[in-house]
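This is protein-v2.pdb. It holds PDB, C-alpha atoms and all ligand atoms.
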```pdb
ATOM      1  CA  MET W 937      64.527 -21.638 -14.821  1.00  0.00           C
ATOM      2  CA  ILE W 938      60.798 -21.193 -15.333  1.00  0.00           C
ATOM      3  CA  GLU W 939      59.534 -17.670 -14.714  1.00  0.00           C
ATOM      4  CA  VAL W 940      56.553 -17.165 -12.442  1.00  0.00           C
ATOM      5  CA  SER W 941      54.876 -15.329 -15.322  1.00  0.00           C
ATOM      6  CA  ASP W 942      55.155 -18.564 -17.388  1.00  0.00           C
ATOM      7  CA  ILE W 943      53.062 -20.329 -14.761  1.00  0.00           C
ATOM      8  CA  VAL W 944      50.435 -17.571 -14.956  1.00  0.00           C
ATOM      9  CA  GLN W 945      50.338 -17.747 -18.764  1.00  0.00           C
ATOM     10  CA  TYR W 946      50.102 -21.552 -18.730  1.00  0.00           C
ATOM     11  CA  LEU W 947      47.137 -21.404 -16.384  1.00  0.00           C
ATOM     12  CA  TYR W 948      45.508 -18.777 -18.577  1.00  0.00           C
ATOM     13  CA  CYS W 949      45.901 -21.116 -21.550  1.00  0.00           C
ATOM     14  CA  PRO W 950      48.662 -23.676 -22.321  1.00  0.00           C
ATOM     15  CA  ARG W 951      48.595 -22.579 -25.946  1.00  0.00           C
ATOM     16  CA  LYS W 952      49.323 -18.994 -24.940  1.00  0.00           C
ATOM     17  CA  LEU W 953      52.422 -20.180 -23.121  1.00  0.00           C
ATOM     18  CA  TYR W 954      53.448 -22.041 -26.282  1.00  0.00           C
ATOM     19  CA  PHE W 955      53.200 -18.853 -28.355  1.00  0.00           C
ATOM     20  CA  ILE W 956      55.282 -16.921 -25.855  1.00  0.00           C
ATOM     21  CA  LYS W 957      57.951 -19.456 -24.923  1.00  0.00           C
ATOM     22  CA  VAL W 958      58.235 -21.637 -28.013  1.00  0.00           C
ATOM     23  CA  MET W 959      57.312 -19.195 -30.799  1.00  0.00           C
ATOM     24  CA  GLY W 960      58.937 -16.245 -29.031  1.00  0.00           C
ATOM     25  CA  LEU W 961      55.966 -13.863 -29.198  1.00  0.00           C
ATOM     26  CA  LYS W 962      56.353 -10.841 -26.959  1.00  0.00           C
ATOM     27  CA  ILE W 963      53.358  -9.491 -25.121  1.00  0.00           C
ATOM     28  CA  THR W 964      53.298  -6.207 -23.273  1.00  0.00           C
ATOM     29  CA  ARG W 965      52.620  -6.347 -19.587  1.00  0.00           C
ATOM     30  CA  PRO W 966      51.730  -2.938 -18.208  1.00  0.00           C
ATOM     31  CA  LYS W 967      52.673  -3.919 -14.684  1.00  0.00           C
ATOM     32  CA  MET W 968      56.244  -4.940 -15.482  1.00  0.00           C
ATOM     33  CA  ASN W 969      57.523  -2.196 -13.210  1.00  0.00           C
ATOM     34  CA  VAL W 970      55.437  -1.382 -10.208  1.00  0.00           C
ATOM     35  CA  GLY W 971      56.266   2.242  -9.570  1.00  0.00           C
ATOM     36  CA  LYS W 972      57.033   4.208  -6.443  1.00  0.00           C
ATOM     37  CA  GLU W 973      53.584   5.782  -6.347  1.00  0.00           C
ATOM     38  CA  VAL W 974      51.850   2.396  -6.359  1.00  0.00           C
ATOM     39  CA  HIS W 975      54.094   1.132  -3.591  1.00  0.00           C
ATOM     40  CA  GLU W 976      53.326   4.235  -1.535  1.00  0.00           C
ATOM     41  CA  ASN W 977      49.610   3.553  -1.975  1.00  0.00           C
ATOM     42  CA  VAL W 978      50.096  -0.054  -0.934  1.00  0.00           C
ATOM     43  CA  GLY W 979      52.011   1.127   2.140  1.00  0.00           C
ATOM     44  CA  LYS W 980      49.262   3.590   3.081  1.00  0.00           C
ATOM     45  CA  SER W 981      46.572   0.992   2.550  1.00  0.00           C
ATOM     46  CA  LEU W 982      48.416  -1.448   4.810  1.00  0.00           C
ATOM     47  CA  THR W 983      48.669   1.218   7.507  1.00  0.00           C
ATOM     48  CA  ARG W 984      44.934   1.945   7.242  1.00  0.00           C
ATOM     49  CA  ARG W 985      44.257  -1.758   7.688  1.00  0.00           C
ATOM     50  CA  LYS W 986      46.615  -1.742  10.668  1.00  0.00           C
ATOM     51  CA  ILE W 987      48.818  -4.362   9.016  1.00  0.00           C
ATOM     52  CA  GLU W 988      52.230  -3.577  10.405  1.00  0.00           C
ATOM     53  CA  GLY W 989      55.650  -4.574   9.186  1.00  0.00           C
ATOM     54  CA  GLU W 990      58.513  -3.545   6.981  1.00  0.00           C
ATOM     55  CA  ILE W 991      57.736  -3.588   3.253  1.00  0.00           C
ATOM     56  CA  LEU W 992      60.368  -4.933   0.867  1.00  0.00           C
ATOM     57  CA  GLU W 993      59.695  -3.803  -2.699  1.00  0.00           C
ATOM     58  CA  ASN W 994      60.300  -5.504  -6.075  1.00  0.00           C
ATOM     59  CA  VAL W 995      62.253  -8.430  -4.683  1.00  0.00           C
ATOM     60  CA  TYR W 996      63.829 -10.695  -7.327  1.00  0.00           C
ATOM     61  CA  LEU W 997      64.135 -14.287  -6.115  1.00  0.00           C
ATOM     62  CA  GLU W 998      65.111 -17.724  -7.440  1.00  0.00           C
ATOM     63  CA  SER W 999      64.279 -21.191  -6.171  1.00  0.00           C
ATOM     64  CA  GLN W1000      66.648 -24.066  -6.870  1.00  0.00           C
ATOM     65  CA  ARG W1001      64.169 -26.552  -5.416  1.00  0.00           C
ATOM     66  CA  TYR W1002      61.296 -25.588  -7.721  1.00  0.00           C
ATOM     67  CA  GLY W1003      63.431 -24.307 -10.589  1.00  0.00           C
ATOM     68  CA  ILE W1004      61.563 -21.009 -10.800  1.00  0.00           C
ATOM     69  CA  LYS W1005      62.394 -17.310 -10.609  1.00  0.00           C
ATOM     70  CA  GLY W1006      60.412 -14.114 -10.320  1.00  0.00           C
ATOM     71  CA  CYS W1007      60.102 -10.644  -8.900  1.00  0.00           C
ATOM     72  CA  VAL W1008      57.688 -10.235  -5.997  1.00  0.00           C
ATOM     73  CA  ASP W1009      55.973  -6.829  -6.020  1.00  0.00           C
ATOM     74  CA  ALA W1010      56.200  -6.522  -2.236  1.00  0.00           C
ATOM     75  CA  ILE W1011      56.938  -8.618   0.824  1.00  0.00           C
ATOM     76  CA  ILE W1012      55.663  -7.685   4.257  1.00  0.00           C
ATOM     77  CA  ARG W1013      58.262  -8.637   6.859  1.00  0.00           C
ATOM     78  CA  ARG W1014      57.074  -8.747  10.441  1.00  0.00           C
ATOM     79  CA  ASN W1015      59.473 -10.372  12.895  1.00  0.00           C
ATOM     80  CA  LYS W1016      59.900 -13.866  11.428  1.00  0.00           C
ATOM     81  CA  GLU W1017      56.741 -13.737   9.350  1.00  0.00           C
ATOM     82  CA  TYR W1018      56.935 -13.022   5.606  1.00  0.00           C
ATOM     83  CA  ILE W1019      53.861 -12.243   3.494  1.00  0.00           C
ATOM     84  CA  PRO W1020      54.202 -11.880  -0.306  1.00  0.00           C
ATOM     85  CA  VAL W1021      52.015  -9.270  -1.996  1.00  0.00           C
ATOM     86  CA  ASP W1022      51.107  -9.183  -5.674  1.00  0.00           C
ATOM     87  CA  ILE W1023      49.753  -5.920  -7.050  1.00  0.00           C
ATOM     88  CA  LYS W1024      47.142  -6.194  -9.795  1.00  0.00           C
ATOM     89  CA  PHE W1025      45.903  -3.404 -12.023  1.00  0.00           C
ATOM     90  CA  SER W1026      42.614  -5.173 -12.543  1.00  0.00           C
ATOM     91  CA  ARG W1027      38.944  -4.296 -12.443  1.00  0.00           C
ATOM     92  CA  PHE W1028      38.106  -7.845 -11.341  1.00  0.00           C
ATOM     93  CA  LYS W1029      37.382  -8.315  -7.669  1.00  0.00           C
ATOM     94  CA  SER W1030      37.589 -12.051  -7.190  1.00  0.00           C
ATOM     95  CA  LEU W1031      40.582 -14.340  -7.124  1.00  0.00           C
ATOM     96  CA  PHE W1032      41.469 -16.294 -10.276  1.00  0.00           C
ATOM     97  CA  TYR W1033      43.204 -19.631  -9.961  1.00  0.00           C
ATOM     98  CA  GLN W1034      46.239 -18.330 -11.885  1.00  0.00           C
ATOM     99  CA  TRP W1035      46.537 -15.432  -9.417  1.00  0.00           C
ATOM    100  CA  LYS W1036      46.419 -17.859  -6.531  1.00  0.00           C
ATOM    101  CA  MET W1037      49.121 -20.080  -8.017  1.00  0.00           C
ATOM    102  CA  GLN W1038      51.231 -17.019  -8.712  1.00  0.00           C
ATOM    103  CA  LEU W1039      51.092 -16.274  -4.996  1.00  0.00           C
ATOM    104  CA  VAL W1040      51.959 -19.882  -4.184  1.00  0.00           C
ATOM    105  CA  ALA W1041      55.005 -19.535  -6.452  1.00  0.00           C
ATOM    106  CA  TYR W1042      55.985 -16.333  -4.637  1.00  0.00           C
ATOM    107  CA  ALA W1043      55.465 -18.101  -1.319  1.00  0.00           C
ATOM    108  CA  VAL W1044      57.921 -20.891  -2.163  1.00  0.00           C
ATOM    109  CA  LEU W1045      60.419 -18.342  -3.481  1.00  0.00           C
ATOM    110  CA  VAL W1046      60.212 -16.399  -0.225  1.00  0.00           C
ATOM    111  CA  GLU W1047      60.445 -19.566   1.872  1.00  0.00           C
ATOM    112  CA  GLU W1048      63.611 -20.732   0.164  1.00  0.00           C
ATOM    113  CA  ASN W1049      65.321 -17.352   0.231  1.00  0.00           C
ATOM    114  CA  PHE W1050      64.332 -16.163   3.694  1.00  0.00           C
ATOM    115  CA  ASP W1051      64.325 -19.549   5.413  1.00  0.00           C
ATOM    116  CA  CYS W1052      60.761 -19.205   6.667  1.00  0.00           C
ATOM    117  CA  LYS W1053      57.305 -20.715   6.276  1.00  0.00           C
ATOM    118  CA  VAL W1054      54.787 -18.610   4.355  1.00  0.00           C
ATOM    119  CA  LYS W1055      51.245 -19.227   5.520  1.00  0.00           C
ATOM    120  CA  LYS W1056      49.436 -16.532   3.593  1.00  0.00           C
ATOM    121  CA  ALA W1057      49.823 -13.978   0.825  1.00  0.00           C
ATOM    122  CA  TYR W1058      47.867 -11.014  -0.499  1.00  0.00           C
ATOM    123  CA  VAL W1059      46.640  -9.720  -3.819  1.00  0.00           C
ATOM    124  CA  TYR W1060      46.211  -5.943  -3.808  1.00  0.00           C
ATOM    125  CA  LEU W1061      43.759  -4.686  -6.448  1.00  0.00           C
ATOM    126  CA  THR W1062      44.635  -1.108  -7.267  1.00  0.00           C
ATOM    127  CA  GLU W1063      41.318  -0.234  -8.974  1.00  0.00           C
ATOM    128  CA  GLY W1064      39.132  -0.881  -5.943  1.00  0.00           C
ATOM    129  CA  LYS W1065      41.955  -0.675  -3.384  1.00  0.00           C
ATOM    130  CA  ASN W1066      40.909  -4.139  -2.229  1.00  0.00           C
ATOM    131  CA  TRP W1067      42.997  -6.777  -0.507  1.00  0.00           C
ATOM    132  CA  ILE W1068      42.439 -10.484  -1.020  1.00  0.00           C
ATOM    133  CA  GLU W1069      44.047 -12.771   1.529  1.00  0.00           C
ATOM    134  CA  VAL W1070      45.099 -16.192   0.272  1.00  0.00           C
ATOM    135  CA  GLU W1071      46.035 -19.106   2.485  1.00  0.00           C
ATOM    136  CA  ILE W1072      49.046 -21.124   1.256  1.00  0.00           C
ATOM    137  CA  THR W1073      48.639 -24.836   1.956  1.00  0.00           C
ATOM    138  CA  PRO W1074      50.823 -27.936   1.423  1.00  0.00           C
ATOM    139  CA  GLU W1075      48.366 -29.028  -1.310  1.00  0.00           C
ATOM    140  CA  ASP W1076      48.996 -25.740  -3.105  1.00  0.00           C
ATOM    141  CA  ARG W1077      52.737 -26.410  -3.094  1.00  0.00           C
ATOM    142  CA  LYS W1078      52.174 -29.888  -4.564  1.00  0.00           C
ATOM    143  CA  ALA W1079      49.850 -28.468  -7.230  1.00  0.00           C
ATOM    144  CA  LEU W1080      52.490 -25.875  -8.090  1.00  0.00           C
ATOM    145  CA  MET W1081      55.114 -28.565  -8.593  1.00  0.00           C
ATOM    146  CA  LYS W1082      52.842 -30.380 -11.080  1.00  0.00           C
ATOM    147  CA  ILE W1083      52.069 -27.172 -12.972  1.00  0.00           C
ATOM    148  CA  ILE W1084      55.779 -26.336 -13.240  1.00  0.00           C
ATOM    149  CA  GLN W1085      56.378 -29.783 -14.749  1.00  0.00           C
ATOM    150  CA  LYS W1086      53.647 -29.191 -17.350  1.00  0.00           C
ATOM    151  CA  VAL W1087      55.138 -25.809 -18.235  1.00  0.00           C
ATOM    152  CA  ARG W1088      58.523 -27.444 -18.641  1.00  0.00           C
ATOM    153  CA  ASP W1089      57.039 -30.169 -20.873  1.00  0.00           C
ATOM    154  CA  ILE W1090      55.481 -27.635 -23.254  1.00  0.00           C
ATOM    155  CA  ILE W1091      58.753 -25.739 -23.588  1.00  0.00           C
ATOM    156  CA  ARG W1092      60.889 -28.860 -24.010  1.00  0.00           C
ATOM    157  CA  GLU W1093      58.615 -30.863 -26.318  1.00  0.00           C
ATOM    158  CA  GLU W1094      57.515 -27.827 -28.384  1.00  0.00           C
ATOM    159  CA  LYS W1095      54.166 -29.527 -28.986  1.00  0.00           C
ATOM    160  CA  TYR W1096      51.320 -27.223 -30.042  1.00  0.00           C
ATOM    161  CA  PRO W1097      48.759 -27.542 -27.206  1.00  0.00           C
ATOM    162  CA  ARG W1098      45.055 -27.955 -27.843  1.00  0.00           C
ATOM    163  CA  ALA W1099      43.105 -24.728 -27.761  1.00  0.00           C
ATOM    164  CA  SER W1100      41.057 -24.103 -24.656  1.00  0.00           C
ATOM    165  CA  LYS W1101      38.576 -21.854 -26.416  1.00  0.00           C
ATOM    166  CA  SER W1102      36.633 -19.823 -23.893  1.00  0.00           C
ATOM    167  CA  LYS W1103      35.742 -16.259 -22.980  1.00  0.00           C
ATOM    168  CA  LYS W1104      39.426 -15.788 -22.221  1.00  0.00           C
ATOM    169  CA  CYS W1105      40.116 -15.769 -25.977  1.00  0.00           C
ATOM    170  CA  ASN W1106      38.398 -12.355 -26.138  1.00  0.00           C
ATOM    171  CA  TYR W1107      41.102 -10.879 -23.901  1.00  0.00           C
ATOM    172  CA  CYS W1108      44.028 -12.962 -25.130  1.00  0.00           C
ATOM    173  CA  GLU W1109      46.986 -10.983 -26.514  1.00  0.00           C
ATOM    174  CA  VAL W1110      47.946 -13.788 -28.906  1.00  0.00           C
ATOM    175  CA  ALA W1111      44.431 -14.481 -30.243  1.00  0.00           C
ATOM    176  CA  ARG W1112      45.208 -13.283 -33.772  1.00  0.00           C
ATOM    177  CA  PHE W1113      47.895 -15.941 -34.138  1.00  0.00           C
ATOM    178  CA  CYS W1114      45.777 -18.713 -32.654  1.00  0.00           C
ATOM    179  CA  VAL W1115      44.054 -20.953 -35.205  1.00  0.00           C
TER     180      VAL W1115
HETATM  181  S1  LIG W1201      43.094 -17.281 -28.241  1.00  0.00           S
HETATM  182 FE1  LIG W1201      42.180 -18.656 -26.713  1.00  0.00          FE
HETATM  183  S2  LIG W1201      42.905 -20.720 -27.265  1.00  0.00           S
HETATM  184 FE2  LIG W1201      44.224 -19.234 -28.315  1.00  0.00          FE
HETATM  185  S3  LIG W1201      45.964 -18.936 -26.974  1.00  0.00           S
HETATM  186 FE3  LIG W1201      44.490 -17.333 -26.473  1.00  0.00          FE
HETATM  187  S4  LIG W1201      43.238 -18.160 -24.814  1.00  0.00           S
HETATM  188 FE4  LIG W1201      44.328 -19.873 -25.749  1.00  0.00          FE
END
```
Can you give me the file's structure in the form of structure tokens?
Ligand code: SF4
Amino acid sequence: MIEVSDIVQYLYCPRKLYFIKVMGLKITRPKMNVGKEVHENVGKSLTRRKIEGEILENVYLESQRYGIKGCVDAIIRRNKEYIPVDIKFSRFKSLFYQWKMQLVAYAVLVEENFDCKVKKAYVYLTEGKNWIEVEITPEDRKALMKIIQKVRDIIREEKYPRASKSKKCNYCEVARFCV
């Protein structure tokens, strides 16, 4: 199964995904475990915003239909409505496409496992304590399917992707291996 983090890395740069999945490079991700304190802050912030519902934390899910797996930082459950939440330790304030598609991936995971329709999701930015609401559309689900296929192709074919040299290279954890 493809991990949701593979989708994020592919959208950052296909070559980065190659280094991680084909060459086996390990990169450290500080948010691997979202701690109790962060979840408490998320809970308080939701209350302040008068967003009610039970919060499920660190929910590991798999989707047979999409062939993906991942751990959702939080899911707001309110009656039959489910809203995935991704927590970002980032100073950026706007939504990146890879963040959006990560939420779409979480949305399809939640839909398959909780037998529901996810219409929206949130990114919670811990630095500024900001919430970004993201609508999940049928087009997003189709786009996700195509991205998953491309991720699969890179892993299966083991072909070194072309570099997408950009400002991102300055922040890329695998830059010193990338020639
Ligand atoms: S250094 Fe740039 S081109 Fe190379 S993997 Fe990273 S983002 Fe991609």
query: Please, which residues are within 7 Å of (55.5, -4.2, -0.5) by the file's coordinates, counting all atoms listed in the file, and could they come as a list in words?
result: His975, Val978, Gly979, Ile991, Leu992, Glu993, Asp1009, Ala1010, Ile1011, Ile1012 and Val1021 of chain W
Please write the residues from the selection above to a file, keeping C-alpha atoms, as a PDB file, in the frame of the given file.
```pdb
ATOM      1  CA  HIS W 975      54.094   1.132  -3.591  1.00  0.00           C
ATOM      2  CA  VAL W 978      50.096  -0.054  -0.934  1.00  0.00           C
ATOM      3  CA  GLY W 979      52.011   1.127   2.140  1.00  0.00           C
ATOM      4  CA  ILE W 991      57.736  -3.588   3.253  1.00  0.00           C
ATOM      5  CA  LEU W 992      60.368  -4.933   0.867  1.00  0.00           C
ATOM      6  CA  GLU W 993      59.695  -3.803  -2.699  1.00  0.00           C
ATOM      7  CA  ASP W1009      55.973  -6.829  -6.020  1.00  0.00           C
ATOM      8  CA  ALA W1010      56.200  -6.522  -2.236  1.00  0.00           C
ATOM      9  CA  ILE W1011      56.938  -8.618   0.824  1.00  0.00           C
ATOM     10  CA  ILE W1012      55.663  -7.685   4.257  1.00  0.00           C
ATOM     11  CA  VAL W1021      52.015  -9.270  -1.996  1.00  0.00           C
TER      12      VAL W1021
END
```
Considering all atoms listed in the file, tabulate each residue of chain W that lies at most 6 Å from ligand LIG 1201 (chain W) along with its nearest interatomic pair and the corresponding distance in Å to one decimal; arrange the rows by chain and ascending residue number and present them as JSON lines.
```
{"residue": "W:Cys949", "atom": "CA", "partner": "W:LIG1201", "partner_atom": "FE4", "distance": 4.7}
{"residue": "W:Arg951", "atom": "CA", "partner": "W:LIG1201", "partner_atom": "S3", "distance": 4.6}
{"residue": "W:Lys952", "atom": "CA", "partner": "W:LIG1201", "partner_atom": "S3", "distance": 3.9}
{"residue": "W:Ala1099", "atom": "CA", "partner": "W:LIG1201", "partner_atom": "S2", "distance": 4.0}
{"residue": "W:Ser1100", "atom": "CA", "partner": "W:LIG1201", "partner_atom": "S2", "distance": 4.7}
{"residue": "W:Lys1101", "atom": "CA", "partner": "W:LIG1201", "partner_atom": "S2", "distance": 4.6}
{"residue": "W:Lys1104", "atom": "CA", "partner": "W:LIG1201", "partner_atom": "S4", "distance": 5.2}
{"residue": "W:Cys1105", "atom": "CA", "partner": "W:LIG1201", "partner_atom": "FE1", "distance": 3.6}
{"residue": "W:Cys1108", "atom": "CA", "partner": "W:LIG1201", "partner_atom": "FE3", "distance": 4.6}
{"residue": "W:Val1110", "atom": "CA", "partner": "W:LIG1201", "partner_atom": "FE3", "distance": 5.5}
{"residue": "W:Ala1111", "atom": "CA", "partner": "W:LIG1201", "partner_atom": "S1", "distance": 3.7}
{"residue": "W:Cys1114", "atom": "CA", "partner": "W:LIG1201", "partner_atom": "FE2", "distance": 4.6}
```
query: Near Glu998 (chain W), within 9 Å and counting all atoms listed in the file, which residues show up once chain neighbours fewer than 4 positions away are dropped, as a ChimeraX atom specification?
result: /W:937,1002-1007,1045-1046,1048-1049
query: Evaluating the PyMOL selection byres (((chain W and resi 958) around 12) and not hetatm) on the displayed file yields which residues, as a count of residues only?
result: 24
Gap from CA of Ile1072 (chain W) to CA of Tyr1107 (chain W) - Å, one decimal: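 Value for the CA of Ile1072 (chain W)-CA of Tyr1107 (chain W) distance: 28.3 Å.
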message: To one decimal place in Å, what is the distance between CA of Phe1028 (chain W) and CA of Val1070 (chain W)?
response: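 CA of Val1070 (chain W) lies at a distance of 15.9 Å from CA of Phe1028 (chain W).
For the atom pair formed by CA of Ser941 (chain W) and CA of Lys1078 (chain W), the distance is 18.3 Å, given to one decimal.
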task: Convert the output of the PyMOL selection byres (((chain W and resi 1058) around 10) and not hetatm) on the shown file into explicit residues, formatted as an MDAnalysis selection string.
output: chainID W and resid 1010:1012 1019:1023 1036 1039 1056:1057 1059:1061 1066:1071
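When only C-alpha atoms are used to measure the gap to Ile1084 (chain W), the shortest distance among W:Arg1001, W:Lys1103, W:Lys980, W:Lys1029 belongs to W:Arg1001.
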- request: Could you tell me which of W:Ile938, W:Leu982, W:Ser1102, W:Ile987 comes closest to Gln1000 (chain W) if we count all atoms listed in the file?
  value: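 Checking each of W:Ile938, W:Leu982, W:Ser1102, W:Ile987 against Gln1000 (chain W), counting all atoms listed in the file, the winner is W:Ile938.
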query: Nearest to Gln1038 (chain W): which of W:Cys1052, W:Thr983, W:Lys1016, W:Lys1024 is it, counting only C-alpha atoms?
result: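 Using only C-alpha atoms, Gln1038 (chain W) sits closest to W:Lys1024.
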- prompt: So which one's closest to Val1040 (chain W), W:Arg1013, W:Lys1053, W:Lys1082, W:Arg1077? Using only C-alpha atoms, please.
  reply: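 Closest residue, counting only C-alpha atoms: W:Arg1077.
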Can you complete the atoms of region 1056-1075 of chain W to N, CA, C and O atoms and list them as a PDB file, in the frame of the given file?
```pdb
ATOM      1  N   LYS W1056      50.445 -17.263   4.362  1.00  0.00           N
ATOM      2  CA  LYS W1056      49.436 -16.532   3.593  1.00  0.00           C
ATOM      3  C   LYS W1056      50.115 -15.498   2.698  1.00  0.00           C
ATOM      4  O   LYS W1056      51.306 -15.184   2.867  1.00  0.00           O
ATOM      5  N   ALA W1057      49.331 -15.011   1.747  1.00  0.00           N
ATOM      6  CA  ALA W1057      49.823 -13.978   0.825  1.00  0.00           C
ATOM      7  C   ALA W1057      48.632 -13.084   0.488  1.00  0.00           C
ATOM      8  O   ALA W1057      47.484 -13.423   0.795  1.00  0.00           O
ATOM      9  N   TYR W1058      48.944 -11.943  -0.139  1.00  0.00           N
ATOM     10  CA  TYR W1058      47.867 -11.014  -0.499  1.00  0.00           C
ATOM     11  C   TYR W1058      47.934 -10.661  -1.973  1.00  0.00           C
ATOM     12  O   TYR W1058      49.022 -10.550  -2.554  1.00  0.00           O
ATOM     13  N   VAL W1059      46.739 -10.443  -2.547  1.00  0.00           N
ATOM     14  CA  VAL W1059      46.640  -9.720  -3.819  1.00  0.00           C
ATOM     15  C   VAL W1059      46.093  -8.350  -3.465  1.00  0.00           C
ATOM     16  O   VAL W1059      45.118  -8.241  -2.702  1.00  0.00           O
ATOM     17  N   TYR W1060      46.733  -7.301  -3.997  1.00  0.00           N
ATOM     18  CA  TYR W1060      46.211  -5.943  -3.808  1.00  0.00           C
ATOM     19  C   TYR W1060      45.692  -5.455  -5.157  1.00  0.00           C
ATOM     20  O   TYR W1060      46.435  -5.407  -6.141  1.00  0.00           O
ATOM     21  N   LEU W1061      44.387  -5.147  -5.204  1.00  0.00           N
ATOM     22  CA  LEU W1061      43.759  -4.686  -6.448  1.00  0.00           C
ATOM     23  C   LEU W1061      43.701  -3.167  -6.429  1.00  0.00           C
ATOM     24  O   LEU W1061      42.996  -2.562  -5.607  1.00  0.00           O
ATOM     25  N   THR W1062      44.474  -2.567  -7.321  1.00  0.00           N
ATOM     26  CA  THR W1062      44.635  -1.108  -7.267  1.00  0.00           C
ATOM     27  C   THR W1062      43.343  -0.361  -7.619  1.00  0.00           C
ATOM     28  O   THR W1062      43.083   0.702  -7.079  1.00  0.00           O
ATOM     29  N   GLU W1063      42.538  -0.939  -8.540  1.00  0.00           N
ATOM     30  CA  GLU W1063      41.318  -0.234  -8.974  1.00  0.00           C
ATOM     31  C   GLU W1063      40.379   0.032  -7.798  1.00  0.00           C
ATOM     32  O   GLU W1063      39.939   1.149  -7.576  1.00  0.00           O
ATOM     33  N   GLY W1064      40.081  -1.027  -7.054  1.00  0.00           N
ATOM     34  CA  GLY W1064      39.132  -0.881  -5.943  1.00  0.00           C
ATOM     35  C   GLY W1064      39.817  -0.740  -4.598  1.00  0.00           C
ATOM     36  O   GLY W1064      39.159  -0.679  -3.567  1.00  0.00           O
ATOM     37  N   LYS W1065      41.158  -0.710  -4.617  1.00  0.00           N
ATOM     38  CA  LYS W1065      41.955  -0.675  -3.384  1.00  0.00           C
ATOM     39  C   LYS W1065      41.534  -1.807  -2.425  1.00  0.00           C
ATOM     40  O   LYS W1065      41.385  -1.628  -1.232  1.00  0.00           O
ATOM     41  N   ASN W1066      41.328  -2.971  -3.018  1.00  0.00           N
ATOM     42  CA  ASN W1066      40.909  -4.139  -2.229  1.00  0.00           C
ATOM     43  C   ASN W1066      42.082  -5.074  -1.975  1.00  0.00           C
ATOM     44  O   ASN W1066      42.968  -5.191  -2.820  1.00  0.00           O
ATOM     45  N   TRP W1067      42.015  -5.740  -0.838  1.00  0.00           N
ATOM     46  CA  TRP W1067      42.997  -6.777  -0.507  1.00  0.00           C
ATOM     47  C   TRP W1067      42.305  -8.123  -0.505  1.00  0.00           C
ATOM     48  O   TRP W1067      41.218  -8.265   0.025  1.00  0.00           O
ATOM     49  N   ILE W1068      42.947  -9.111  -1.109  1.00  0.00           N
ATOM     50  CA  ILE W1068      42.439 -10.484  -1.020  1.00  0.00           C
ATOM     51  C   ILE W1068      43.508 -11.312  -0.312  1.00  0.00           C
ATOM     52  O   ILE W1068      44.658 -11.339  -0.744  1.00  0.00           O
ATOM     53  N   GLU W1069      43.097 -11.929   0.784  1.00  0.00           N
ATOM     54  CA  GLU W1069      44.047 -12.771   1.529  1.00  0.00           C
ATOM     55  C   GLU W1069      43.940 -14.203   1.022  1.00  0.00           C
ATOM     56  O   GLU W1069      42.841 -14.715   0.830  1.00  0.00           O
ATOM     57  N   VAL W1070      45.076 -14.829   0.808  1.00  0.00           N
ATOM     58  CA  VAL W1070      45.099 -16.192   0.272  1.00  0.00           C
ATOM     59  C   VAL W1070      45.922 -17.077   1.197  1.00  0.00           C
ATOM     60  O   VAL W1070      47.089 -16.775   1.484  1.00  0.00           O
ATOM     61  N   GLU W1071      45.307 -18.157   1.641  1.00  0.00           N
ATOM     62  CA  GLU W1071      46.035 -19.106   2.485  1.00  0.00           C
ATOM     63  C   GLU W1071      46.920 -19.979   1.590  1.00  0.00           C
ATOM     64  O   GLU W1071      46.503 -20.376   0.497  1.00  0.00           O
ATOM     65  N   ILE W1072      48.135 -20.259   2.022  1.00  0.00           N
ATOM     66  CA  ILE W1072      49.046 -21.124   1.256  1.00  0.00           C
ATOM     67  C   ILE W1072      49.141 -22.469   1.985  1.00  0.00           C
ATOM     68  O   ILE W1072      49.588 -22.528   3.129  1.00  0.00           O
ATOM     69  N   THR W1073      48.699 -23.522   1.307  1.00  0.00           N
ATOM     70  CA  THR W1073      48.639 -24.836   1.956  1.00  0.00           C
ATOM     71  C   THR W1073      49.657 -25.807   1.336  1.00  0.00           C
ATOM     72  O   THR W1073      50.146 -25.564   0.222  1.00  0.00           O
ATOM     73  N   PRO W1074      49.926 -26.931   2.011  1.00  0.00           N
ATOM     74  CA  PRO W1074      50.823 -27.936   1.423  1.00  0.00           C
ATOM     75  C   PRO W1074      50.288 -28.450   0.086  1.00  0.00           C
ATOM     76  O   PRO W1074      51.060 -28.735  -0.833  1.00  0.00           O
ATOM     77  N   GLU W1075      48.962 -28.570  -0.043  1.00  0.00           N
ATOM     78  CA  GLU W1075      48.366 -29.028  -1.310  1.00  0.00           C
ATOM     79  C   GLU W1075      48.681 -28.036  -2.437  1.00  0.00           C
ATOM     80  O   GLU W1075      48.918 -28.424  -3.577  1.00  0.00           O
TER      81      GLU W1075
END
```
